[in-house]
Amino acid sequence: MRVLSIFGTRPEAIKMAPLVAALGREPQLHSSVCVTGQHREMLAQVMALFGLQAQHELDVMRPNQTLNGLYARLLTAVGAVLDAEQPDCVLVHGDTTTAAAAAMAAFHRRIAVGHVEAGLRSGNMHSPFPEEMNRRLVDSMSTWLFAPTPAAREAALQEKVSGHIWVTGNTVIDALNATLARLDADAERQRALAQRYSWLDAERKLVLVTGHRRENFGEGFRNICAALEALAQRDDVQIVYPVHLNPNVRDVVRQSLASQANVHLIEPLDYVDFVWLMRRAYLILTDSGGVQEEAPALGKPVLVMRDVTERPEAVAAGTVRLVGTSRERITAEATRLLDDASLHTEFCRKGNPYGDGHACQRIVDALCGRAFAEFRPGPIAQSQPLMNAFIAESHL
Ligand code: UD1
Ligand code: UDP
């Protein structure tokens with residue numbers, strides 16, 4: 001079977017990297033990759049880090065692109081790749097415009113679509129926007145749905161999707177585990193990272209921030225910045241914020257926070273650096289999807305600056321709390337965690353409802369028609385040989 005994996009943004013690349021490696025190792029499959037370039041610099045960072053090679057490289061990103069313009073460019077450009085490559089199956093990931101347009105381009109050609117990270121639902125079409133709609137569209141066009149959790153499978157079943165659903169775990173945990181193993185085994189690298197971030201103040205609690213959701217543009221981001229400004233007044237915290245390259249985020253964040261002495265606005269980080277910082281963090285404030293999945297695996301408390309989430313498992317487990325985007329609520333919830341050590345400890349329960357590091361192998365087995373045990377959240381058994389193979393092939 002000829003499998004073409006198509007992705008274009010930072011999180012898709014991180015989550016597809018271990019899968020591309022697993023597909024490449026499978027003799028029954030012929031694997032190739034098309035990157036759309038929906039992101040440019042932030043995609044390039046991940047491609048380089050994981051040593052990902054693409055057979056097709058599109059260049060669709062435009063500064064401050066519109067959803068429709070992006071979608072139209074993707075349909076045409078991905079369509080041309082499909083005509084040239086003639087795959088039996090296309091794999092897309094998650095809920096981006098790349099995923100929706102690539103699935104549609106394949107569907108129009110009657111090419112089977114496999115959806116990695118299927119079935120997540122917030123229940124609100126406007127949040128995350130436009131991702132909730134993208135994910136529903138892709139799920140309904142897919143022949144195979146790789147749901148990360150049992151709840152995601154249930155959500156897809158409720159919509160009566162016609163494709164077959166497997167619960168595989170989330171591939172982000174495969175990527176995270178490999179990164180952690182690589183970091184832990186390399187004292188030299190740990191020293192280099194400590195040196196690179198030697199400006200971090202060991203006496204202060206590190207608050208790590210990310211944010212980029214479209215539904216938060218405008219008032220939401222102004223409120224988030226106002227909350228960060230209030231928290232920055234404390235002399236026991238240090239705020240570090242790698243700022244997303246979207247100008248709708250960047251302009252507001254810079255305007256509001258660039259002159260705050262206790263807020264470090266930095267460029268988007270390499271995945272290894274970001275994982276290292278997550279591990280160092282006392283508290284994470286974010287609206288990101290991937291960070292909501294990674295932080296619980298690291299035992300880090302997360303306040304999610306959104307009203308709803310399509311990732312409810314960690315909220316239920318008690319490591320993640322939804323706090324919306326009001327200045328008062330974000331400030332109050334963060335202050336509670338900063339002031340109350342026992343509350344903080346309660347949040348730090350290490351656990352992982354999202355995966356066990358075997359998601360990629362399950363997806364490959366499903367594509368090859370082999371039987372496998374589906375993912376069930378619970379104690380984690382790591383597959384050392386598989387992870388080592390991925391580490392060896394990547395540039396991690
Ligand atoms: C996109 C996805 C979102 C995902 C996020 C991950 C959609 C609709 N949105 O949002 O689901 O969570 O990526 O980060 O698919 N830019 C650069 N360089 C880059 C990346 C972005 O300059 O490497 C700037 C460009 O001006 C670009 C803008 O950011 O036009 C927006 O990029 P876009 O991919 O449309 O939206 P994101 O907010 O990144
Ligand atoms: N990330 C990163 N560098 C950063 C910030 C985030 O590598 O400076 C990683 C993070 O660990 C996670 C992913 O990027 O795996 C999340 O990407 P993003 O928040 O852009 O998108 P989302 O997950 O919300 O779709």
# chains A, B, ... in the order shown; residues from 1 in each chain; ligands from 1
call {"tool": "residues_around", "arguments": {"residues": "stretch 239-246 of chain A", "least_positions_apart": "2", "cutoff": "9 Å", "atoms": "only C-alpha atoms", "output": "PyMOL selection string"}}
result
chain A and resi 41-42+63-64+200+205-212+228+231-232+237+248-251+253-254+262-269+274
call {"tool": "residues_near_ligand", "arguments": {"ligand": "ligand 1", "cutoff": "7 Å", "atoms": "only C-alpha atoms and all ligand atoms", "output": "PyMOL selection string"}}
result
chain A and resi 9-11+38-43+61-67+95-98+130-131+212-214+245-247+288-289
call {"tool": "write_last_selection", "arguments": {"atoms": "N, CA and C atoms", "output": "PDB file, in the first residue's frame"}}
result
ATOM      1  N   THR A   9       1.837  22.069   9.790  1.00  0.00           N
ATOM      2  CA  THR A   9       2.069  22.998  10.902  1.00  0.00           C
ATOM      3  C   THR A   9       2.981  22.341  11.955  1.00  0.00           C
ATOM      4  N   ARG A  10       3.442  23.168  12.885  1.00  0.00           N
ATOM      5  CA  ARG A  10       4.337  22.648  13.950  1.00  0.00           C
ATOM      6  C   ARG A  10       3.756  21.441  14.692  1.00  0.00           C
ATOM      7  N   PRO A  11       2.542  21.551  15.269  1.00  0.00           N
ATOM      8  CA  PRO A  11       2.083  20.404  16.059  1.00  0.00           C
ATOM      9  C   PRO A  11       1.856  19.156  15.222  1.00  0.00           C
ATOM     10  N   GLN A  38       2.002  25.093   5.492  1.00  0.00           N
ATOM     11  CA  GLN A  38       1.042  26.044   6.114  1.00  0.00           C
ATOM     12  C   GLN A  38       1.783  26.916   7.107  1.00  0.00           C
ATOM     13  N   HIS A  39       2.701  26.311   7.858  1.00  0.00           N
ATOM     14  CA  HIS A  39       3.682  27.063   8.643  1.00  0.00           C
ATOM     15  C   HIS A  39       5.007  27.032   7.888  1.00  0.00           C
ATOM     16  N   ARG A  40       5.818  28.046   8.065  1.00  0.00           N
ATOM     17  CA  ARG A  40       7.130  28.028   7.391  1.00  0.00           C
ATOM     18  C   ARG A  40       8.225  27.786   8.431  1.00  0.00           C
ATOM     19  N   GLU A  41       8.583  28.816   9.188  1.00  0.00           N
ATOM     20  CA  GLU A  41       9.703  28.674  10.133  1.00  0.00           C
ATOM     21  C   GLU A  41       9.405  27.609  11.204  1.00  0.00           C
ATOM     22  N   MET A  42       8.166  27.629  11.717  1.00  0.00           N
ATOM     23  CA  MET A  42       7.844  26.718  12.821  1.00  0.00           C
ATOM     24  C   MET A  42       7.776  25.263  12.352  1.00  0.00           C
ATOM     25  N   LEU A  43       7.481  25.060  11.074  1.00  0.00           N
ATOM     26  CA  LEU A  43       7.521  23.705  10.509  1.00  0.00           C
ATOM     27  C   LEU A  43       8.969  23.290  10.276  1.00  0.00           C
ATOM     28  N   MET A  61       2.156  29.018   2.737  1.00  0.00           N
ATOM     29  CA  MET A  61       1.975  30.071   3.746  1.00  0.00           C
ATOM     30  C   MET A  61       2.107  31.462   3.162  1.00  0.00           C
ATOM     31  N   ARG A  62       1.225  32.364   3.569  1.00  0.00           N
ATOM     32  CA  ARG A  62       1.346  33.786   3.271  1.00  0.00           C
ATOM     33  C   ARG A  62       1.283  34.529   4.595  1.00  0.00           C
ATOM     34  N   PRO A  63       1.949  35.687   4.689  1.00  0.00           N
ATOM     35  CA  PRO A  63       1.857  36.424   5.953  1.00  0.00           C
ATOM     36  C   PRO A  63       0.397  36.750   6.283  1.00  0.00           C
ATOM     37  N   ASN A  64       0.033  36.526   7.527  1.00  0.00           N
ATOM     38  CA  ASN A  64      -1.324  36.810   8.002  1.00  0.00           C
ATOM     39  C   ASN A  64      -2.394  36.228   7.073  1.00  0.00           C
ATOM     40  N   GLN A  65      -2.243  34.969   6.719  1.00  0.00           N
ATOM     41  CA  GLN A  65      -3.125  34.355   5.723  1.00  0.00           C
ATOM     42  C   GLN A  65      -4.574  34.247   6.210  1.00  0.00           C
ATOM     43  N   THR A  66      -5.479  34.267   5.225  1.00  0.00           N
ATOM     44  CA  THR A  66      -6.894  34.066   5.570  1.00  0.00           C
ATOM     45  C   THR A  66      -7.207  32.573   5.476  1.00  0.00           C
ATOM     46  N   LEU A  67      -8.248  32.158   6.187  1.00  0.00           N
ATOM     47  CA  LEU A  67      -8.617  30.739   6.166  1.00  0.00           C
ATOM     48  C   LEU A  67      -9.014  30.310   4.755  1.00  0.00           C
ATOM     49  N   ASP A  95      -6.683  18.764  13.227  1.00  0.00           N
ATOM     50  CA  ASP A  95      -7.805  19.665  12.936  1.00  0.00           C
ATOM     51  C   ASP A  95      -7.409  20.942  12.214  1.00  0.00           C
ATOM     52  N   THR A  96      -6.252  20.925  11.560  1.00  0.00           N
ATOM     53  CA  THR A  96      -5.814  22.158  10.902  1.00  0.00           C
ATOM     54  C   THR A  96      -6.474  22.305   9.526  1.00  0.00           C
ATOM     55  N   THR A  97      -6.255  23.468   8.914  1.00  0.00           N
ATOM     56  CA  THR A  97      -6.747  23.670   7.550  1.00  0.00           C
ATOM     57  C   THR A  97      -6.019  22.725   6.596  1.00  0.00           C
ATOM     58  N   THR A  98      -4.742  22.469   6.842  1.00  0.00           N
ATOM     59  CA  THR A  98      -4.028  21.467   6.040  1.00  0.00           C
ATOM     60  C   THR A  98      -4.745  20.123   6.088  1.00  0.00           C
ATOM     61  N   PRO A 130     -11.123  27.461  13.486  1.00  0.00           N
ATOM     62  CA  PRO A 130     -12.154  26.635  12.870  1.00  0.00           C
ATOM     63  C   PRO A 130     -11.921  25.146  13.108  1.00  0.00           C
ATOM     64  N   GLU A 131     -11.119  24.797  14.105  1.00  0.00           N
ATOM     65  CA  GLU A 131     -10.640  23.412  14.244  1.00  0.00           C
ATOM     66  C   GLU A 131     -11.753  22.410  14.535  1.00  0.00           C
ATOM     67  N   HIS A 212      -2.254  30.904  21.043  1.00  0.00           N
ATOM     68  CA  HIS A 212      -2.392  31.251  19.621  1.00  0.00           C
ATOM     69  C   HIS A 212      -3.782  31.081  19.049  1.00  0.00           C
ATOM     70  N   ARG A 213      -4.765  30.699  19.849  1.00  0.00           N
ATOM     71  CA  ARG A 213      -6.076  30.334  19.272  1.00  0.00           C
ATOM     72  C   ARG A 213      -6.783  31.522  18.649  1.00  0.00           C
ATOM     73  N   ARG A 214      -7.351  31.285  17.458  1.00  0.00           N
ATOM     74  CA  ARG A 214      -8.052  32.354  16.729  1.00  0.00           C
ATOM     75  C   ARG A 214      -9.218  32.938  17.530  1.00  0.00           C
ATOM     76  N   LEU A 245       4.294  32.840  15.919  1.00  0.00           N
ATOM     77  CA  LEU A 245       4.637  33.805  14.863  1.00  0.00           C
ATOM     78  C   LEU A 245       3.421  34.465  14.214  1.00  0.00           C
ATOM     79  N   ASN A 246       2.229  34.033  14.552  1.00  0.00           N
ATOM     80  CA  ASN A 246       1.044  34.682  13.985  1.00  0.00           C
ATOM     81  C   ASN A 246       1.016  36.164  14.398  1.00  0.00           C
ATOM     82  N   PRO A 247       0.959  37.089  13.421  1.00  0.00           N
ATOM     83  CA  PRO A 247       1.000  38.519  13.783  1.00  0.00           C
ATOM     84  C   PRO A 247      -0.159  38.958  14.673  1.00  0.00           C
ATOM     85  N   SER A 288      -2.958  25.926  24.009  1.00  0.00           N
ATOM     86  CA  SER A 288      -2.514  24.940  23.019  1.00  0.00           C
ATOM     87  C   SER A 288      -3.140  23.574  23.257  1.00  0.00           C
ATOM     88  N   GLY A 289      -3.355  22.844  22.157  1.00  0.00           N
ATOM     89  CA  GLY A 289      -3.860  21.482  22.276  1.00  0.00           C
ATOM     90  C   GLY A 289      -2.771  20.527  22.741  1.00  0.00           C
TER      91      GLY A 289
END
call {"tool": "atom_distance", "arguments": {"atom1": "atom CA of A:Ala13", "atom2": "atom CA of A:Ala54"}}
result
11.1 Å
call {"tool": "residues_around", "arguments": {"residues": "A:Val308", "least_positions_apart": "5", "cutoff": "9 Å", "atoms": "only C-alpha atoms", "output": "compact mmCIF listing (two decimals) with all heavy atoms, in the first residue's frame"}}
result
# COMPACT_ATOMS: atom_id res chain seq x y z
N SER A 122 -15.01 19.45 21.14
CA SER A 122 -15.32 20.37 22.24
C SER A 122 -16.82 20.52 22.38
O SER A 122 -17.31 20.99 23.41
CB SER A 122 -14.70 21.75 21.96
OG SER A 122 -15.40 22.38 20.90
N GLY A 123 -17.55 20.20 21.31
CA GLY A 123 -19.00 20.40 21.32
C GLY A 123 -19.41 21.81 20.95
O GLY A 123 -20.58 22.14 20.93
N ASN A 124 -18.43 22.67 20.64
CA ASN A 124 -18.73 24.06 20.29
C ASN A 124 -18.06 24.39 18.96
O ASN A 124 -16.83 24.43 18.87
CB ASN A 124 -18.19 24.98 21.41
CG ASN A 124 -18.45 26.45 21.12
OD1 ASN A 124 -18.74 26.85 19.98
ND2 ASN A 124 -18.34 27.27 22.15
N SER A 127 -15.32 27.07 18.95
CA SER A 127 -14.17 27.00 19.84
C SER A 127 -13.72 25.55 20.04
O SER A 127 -14.48 24.77 20.62
CB SER A 127 -14.52 27.62 21.20
OG SER A 127 -13.40 27.57 22.05
N PRO A 128 -12.58 25.12 19.56
CA PRO A 128 -11.63 25.94 18.82
C PRO A 128 -12.12 26.19 17.39
O PRO A 128 -12.70 25.29 16.77
CB PRO A 128 -10.37 25.08 18.80
CG PRO A 128 -10.87 23.67 18.89
CD PRO A 128 -12.11 23.73 19.73
N LEU A 322 -9.69 24.34 33.20
CA LEU A 322 -10.12 25.35 32.22
C LEU A 322 -10.40 26.64 32.97
O LEU A 322 -11.20 26.65 33.91
CB LEU A 322 -11.42 24.90 31.55
CG LEU A 322 -11.34 23.85 30.44
CD1 LEU A 322 -12.75 23.46 30.01
CD2 LEU A 322 -10.56 24.39 29.26
N GLY A 324 -10.79 29.87 31.11
CA GLY A 324 -11.33 30.92 30.25
C GLY A 324 -10.31 32.01 29.98
O GLY A 324 -9.10 31.82 30.15
call {"tool": "closest_residue", "arguments": {"among": "A:Ala151, A:Ala112, A:Leu74, A:Met125", "to": "A:Ala316", "atoms": "only C-alpha atoms"}}
result
A:Ala151
call {"tool": "atom_distance", "arguments": {"atom1": "atom 6 (C, counted along the ligand's line) of ligand 2", "atom2": "atom CA of A:Val138"}}
result
24.0 Å
call {"tool": "closest_residue", "arguments": {"among": "A:Leu337, A:Leu183, A:Ala147, A:Val275", "to": "A:Val302", "atoms": "only C-alpha atoms"}}
result
A:Leu337
call {"tool": "atom_distance", "arguments": {"atom1": "atom CA of A:Ala314", "atom2": "atom CA of A:Val172"}}
result
14.6 Å
call {"tool": "residues_around", "arguments": {"residues": "A:Ala103", "least_positions_apart": "6", "cutoff": "10 Å", "atoms": "only C-alpha atoms", "output": "ChimeraX atom specification"}}
result
/A:6,75,78,90-93,97,109,111-115,134,137-142
call {"tool": "write_last_selection", "arguments": {"atoms": "N, CA and C atoms", "output": "compact mmCIF listing (two decimals), in the first residue's frame"}}
result
# COMPACT_ATOMS: atom_id res chain seq x y z
N ILE A 6 0.39 13.72 4.96
CA ILE A 6 0.35 15.15 4.59
C ILE A 6 0.19 15.98 5.86
N LEU A 75 -6.04 23.12 -1.47
CA LEU A 75 -6.81 22.18 -2.31
C LEU A 75 -6.12 21.98 -3.65
N VAL A 78 -2.24 20.47 -3.04
CA VAL A 78 -2.26 19.07 -2.60
C VAL A 78 -2.86 18.19 -3.69
N VAL A 90 -4.17 8.38 2.11
CA VAL A 90 -3.58 9.61 2.61
C VAL A 90 -3.77 9.65 4.12
N LEU A 91 -2.73 10.00 4.85
CA LEU A 91 -2.87 10.19 6.30
C LEU A 91 -2.81 11.68 6.61
N VAL A 92 -3.80 12.17 7.34
CA VAL A 92 -3.75 13.56 7.81
C VAL A 92 -3.87 13.55 9.33
N HIS A 93 -3.52 14.69 9.92
CA HIS A 93 -3.49 14.74 11.38
C HIS A 93 -4.33 15.88 11.95
N THR A 97 -6.26 23.47 8.91
CA THR A 97 -6.75 23.67 7.55
C THR A 97 -6.02 22.73 6.60
N ARG A 109 -10.82 12.58 -5.01
CA ARG A 109 -10.19 11.61 -5.93
C ARG A 109 -10.48 10.17 -5.52
N ILE A 111 -9.61 8.69 -2.91
CA ILE A 111 -8.45 8.09 -2.23
C ILE A 111 -8.82 7.95 -0.75
N ALA A 112 -8.52 6.78 -0.17
CA ALA A 112 -8.87 6.55 1.24
C ALA A 112 -8.12 7.53 2.14
N VAL A 113 -8.82 8.03 3.17
CA VAL A 113 -8.22 8.95 4.14
C VAL A 113 -8.11 8.24 5.49
N GLY A 114 -6.93 8.33 6.10
CA GLY A 114 -6.76 7.86 7.48
C GLY A 114 -6.56 9.08 8.36
N HIS A 115 -7.37 9.20 9.42
CA HIS A 115 -7.30 10.40 10.27
C HIS A 115 -6.62 10.08 11.60
N ASN A 134 -13.16 21.58 11.26
CA ASN A 134 -12.18 20.81 10.47
C ASN A 134 -12.17 19.35 10.90
N LEU A 137 -15.24 17.48 9.79
CA LEU A 137 -15.20 17.23 8.35
C LEU A 137 -14.28 16.06 8.04
N VAL A 138 -13.08 16.09 8.60
CA VAL A 138 -12.10 15.03 8.30
C VAL A 138 -12.63 13.68 8.78
N ASP A 139 -13.19 13.65 9.98
CA ASP A 139 -13.71 12.37 10.49
C ASP A 139 -14.78 11.81 9.56
N SER A 140 -15.62 12.71 9.04
CA SER A 140 -16.72 12.19 8.22
C SER A 140 -16.23 11.74 6.84
N MET A 141 -15.04 12.18 6.42
CA MET A 141 -14.51 11.76 5.11
C MET A 141 -13.57 10.56 5.22
N SER A 142 -13.29 10.13 6.46
CA SER A 142 -12.20 9.16 6.65
C SER A 142 -12.68 7.71 6.55
call {"tool": "closest_residue", "arguments": {"among": "A:Ala185, A:Val252, A:Leu4, A:Leu277", "to": "ligand 2", "atoms": "only C-alpha atoms and all ligand atoms"}}
result
A:Leu277
call {"tool": "residues_around", "arguments": {"residues": "A:Glu346", "least_positions_apart": "3", "cutoff": "9 Å", "atoms": "only C-alpha atoms", "output": "list of chain:residue names"}}
result
A:Pro301, A:Gly318, A:Thr319, A:Ala341, A:Ser342, A:Leu343, A:Arg349
call {"tool": "residues_around", "arguments": {"residues": "A:Thr36", "least_positions_apart": "3", "cutoff": "7 Å", "atoms": "only C-alpha atoms", "output": "PDB file with N, CA, C and O atoms, in the first residue's frame"}}
result
ATOM      1  N   PHE A   7       1.091  16.916   6.076  1.00  0.00           N
ATOM      2  CA  PHE A   7       0.959  17.817   7.231  1.00  0.00           C
ATOM      3  C   PHE A   7       1.659  19.138   6.931  1.00  0.00           C
ATOM      4  O   PHE A   7       2.396  19.244   5.954  1.00  0.00           O
ATOM      5  N   GLY A   8       1.422  20.136   7.788  1.00  0.00           N
ATOM      6  CA  GLY A   8       1.946  21.458   7.429  1.00  0.00           C
ATOM      7  C   GLY A   8       2.224  22.425   8.555  1.00  0.00           C
ATOM      8  O   GLY A   8       2.760  23.510   8.332  1.00  0.00           O
ATOM      9  N   GLU A  57       7.290  19.210  -1.198  1.00  0.00           N
ATOM     10  CA  GLU A  57       7.301  20.388  -0.310  1.00  0.00           C
ATOM     11  C   GLU A  57       6.537  21.520  -0.959  1.00  0.00           C
ATOM     12  O   GLU A  57       6.982  22.075  -1.962  1.00  0.00           O
ATOM     13  N   LEU A  58       5.392  21.855  -0.408  1.00  0.00           N
ATOM     14  CA  LEU A  58       4.594  22.969  -0.922  1.00  0.00           C
ATOM     15  C   LEU A  58       4.934  24.209  -0.104  1.00  0.00           C
ATOM     16  O   LEU A  58       5.542  24.113   0.959  1.00  0.00           O
ATOM     17  N   ASP A  59       4.524  25.328  -0.603  1.00  0.00           N
ATOM     18  CA  ASP A  59       4.919  26.584   0.051  1.00  0.00           C
ATOM     19  C   ASP A  59       3.695  27.494   0.116  1.00  0.00           C
ATOM     20  O   ASP A  59       3.675  28.555  -0.495  1.00  0.00           O
ATOM     21  N   VAL A  60       2.658  27.044   0.848  1.00  0.00           N
ATOM     22  CA  VAL A  60       1.383  27.754   0.772  1.00  0.00           C
ATOM     23  C   VAL A  60       1.269  28.923   1.739  1.00  0.00           C
ATOM     24  O   VAL A  60       0.362  29.739   1.600  1.00  0.00           O
TER      25      VAL A  60
END
call {"tool": "select_by_dssp", "arguments": {"residues": "stretch 149-283 of chain A", "states": "strand (DSSP E or B)", "output": "list in words"}}
result
His164, Ile165, Trp166, Val167, Lys205, Leu206, Val207, Leu208, Val209, Val237, Gln238, Ile239, Val240, Tyr241, Pro242, Val263, His264, Leu265, Ile266 and Leu283 of chain A
call {"tool": "decode", "arguments": {"residues": "stretch 333-354 of chain A", "atoms": "N, CA, C and O atoms", "output": "mmCIF file, in the first residue's frame"}}
result
data_model
loop_
_atom_site.group_PDB
_atom_site.id
_atom_site.type_symbol
_atom_site.label_atom_id
_atom_site.label_comp_id
_atom_site.auth_asym_id
_atom_site.auth_seq_id
_atom_site.Cartn_x
_atom_site.Cartn_y
_atom_site.Cartn_z
ATOM 1 N N GLU A 333 -6.726 32.065 39.513
ATOM 2 C CA GLU A 333 -6.401 30.633 39.518
ATOM 3 C C GLU A 333 -4.885 30.422 39.571
ATOM 4 O O GLU A 333 -4.393 29.527 40.248
ATOM 5 N N ALA A 334 -4.154 31.259 38.850
ATOM 6 C CA ALA A 334 -2.693 31.131 38.882
ATOM 7 C C ALA A 334 -2.180 31.481 40.277
ATOM 8 O O ALA A 334 -1.293 30.808 40.821
ATOM 9 N N THR A 335 -2.746 32.517 40.878
ATOM 10 C CA THR A 335 -2.315 32.947 42.210
ATOM 11 C C THR A 335 -2.545 31.836 43.233
ATOM 12 O O THR A 335 -1.689 31.565 44.083
ATOM 13 N N ARG A 336 -3.699 31.172 43.133
ATOM 14 C CA ARG A 336 -3.979 30.061 44.054
ATOM 15 C C ARG A 336 -2.903 28.977 43.958
ATOM 16 O O ARG A 336 -2.395 28.491 44.957
ATOM 17 N N LEU A 337 -2.555 28.633 42.714
ATOM 18 C CA LEU A 337 -1.545 27.576 42.526
ATOM 19 C C LEU A 337 -0.164 28.033 42.986
ATOM 20 O O LEU A 337 0.647 27.231 43.464
ATOM 21 N N LEU A 338 0.112 29.318 42.842
ATOM 22 C CA LEU A 338 1.432 29.836 43.253
ATOM 23 C C LEU A 338 1.532 29.931 44.776
ATOM 24 O O LEU A 338 2.611 29.753 45.351
ATOM 25 N N ASP A 339 0.385 30.204 45.423
ATOM 26 C CA ASP A 339 0.410 30.433 46.877
ATOM 27 C C ASP A 339 0.199 29.168 47.697
ATOM 28 O O ASP A 339 0.630 29.091 48.842
ATOM 29 N N ASP A 340 -0.520 28.206 47.105
ATOM 30 C CA ASP A 340 -0.961 27.052 47.895
ATOM 31 C C ASP A 340 -0.194 25.800 47.441
ATOM 32 O O ASP A 340 -0.540 25.157 46.451
ATOM 33 N N ALA A 341 0.832 25.459 48.214
ATOM 34 C CA ALA A 341 1.718 24.350 47.816
ATOM 35 C C ALA A 341 0.958 23.021 47.760
ATOM 36 O O ALA A 341 1.213 22.191 46.886
ATOM 37 N N SER A 342 -0.003 22.825 48.692
ATOM 38 C CA SER A 342 -0.685 21.527 48.673
ATOM 39 C C SER A 342 -1.634 21.427 47.475
ATOM 40 O O SER A 342 -1.790 20.359 46.880
ATOM 41 N N LEU A 343 -2.243 22.542 47.088
ATOM 42 C CA LEU A 343 -3.077 22.534 45.875
ATOM 43 C C LEU A 343 -2.197 22.227 44.658
ATOM 44 O O LEU A 343 -2.558 21.424 43.791
ATOM 45 N N HIS A 344 -1.029 22.856 44.622
ATOM 46 C CA HIS A 344 -0.101 22.614 43.511
ATOM 47 C C HIS A 344 0.265 21.137 43.442
ATOM 48 O O HIS A 344 0.263 20.528 42.375
ATOM 49 N N THR A 345 0.552 20.541 44.589
ATOM 50 C CA THR A 345 0.917 19.117 44.622
ATOM 51 C C THR A 345 -0.227 18.252 44.090
ATOM 52 O O THR A 345 -0.007 17.290 43.368
ATOM 53 N N GLU A 346 -1.461 18.637 44.453
ATOM 54 C CA GLU A 346 -2.623 17.881 43.950
ATOM 55 C C GLU A 346 -2.663 17.882 42.420
ATOM 56 O O GLU A 346 -3.015 16.895 41.795
ATOM 57 N N PHE A 347 -2.326 19.026 41.826
ATOM 58 C CA PHE A 347 -2.340 19.144 40.357
ATOM 59 C C PHE A 347 -1.213 18.333 39.710
ATOM 60 O O PHE A 347 -1.284 18.003 38.532
ATOM 61 N N CYS A 348 -0.153 18.089 40.491
ATOM 62 C CA CYS A 348 1.054 17.484 39.905
ATOM 63 C C CYS A 348 0.975 15.984 39.756
ATOM 64 O O CYS A 348 1.976 15.342 39.486
ATOM 65 N N ARG A 349 -0.213 15.414 39.928
ATOM 66 C CA ARG A 349 -0.341 13.969 39.737
ATOM 67 C C ARG A 349 0.138 13.598 38.355
ATOM 68 O O ARG A 349 -0.380 14.096 37.359
ATOM 69 N N LYS A 350 1.148 12.748 38.322
ATOM 70 C CA LYS A 350 1.675 12.349 37.021
ATOM 71 C C LYS A 350 0.801 11.229 36.472
ATOM 72 O O LYS A 350 0.494 10.284 37.164
ATOM 73 N N GLY A 351 0.389 11.369 35.259
ATOM 74 C CA GLY A 351 -0.435 10.322 34.668
ATOM 75 C C GLY A 351 -0.612 10.644 33.216
ATOM 76 O O GLY A 351 -0.265 11.743 32.790
ATOM 77 N N ASN A 352 -1.093 9.688 32.503
ATOM 78 C CA ASN A 352 -1.206 9.985 31.094
ATOM 79 C C ASN A 352 -2.414 9.348 30.443
ATOM 80 O O ASN A 352 -2.359 8.219 29.994
ATOM 81 N N PRO A 353 -3.495 10.137 30.389
ATOM 82 C CA PRO A 353 -4.701 9.586 29.778
ATOM 83 C C PRO A 353 -4.630 9.550 28.247
ATOM 84 O O PRO A 353 -5.546 9.058 27.608
ATOM 85 N N TYR A 354 -3.540 10.090 27.690
ATOM 86 C CA TYR A 354 -3.533 10.298 26.236
ATOM 87 C C TYR A 354 -2.749 9.265 25.441
ATOM 88 O O TYR A 354 -2.909 9.191 24.222
#
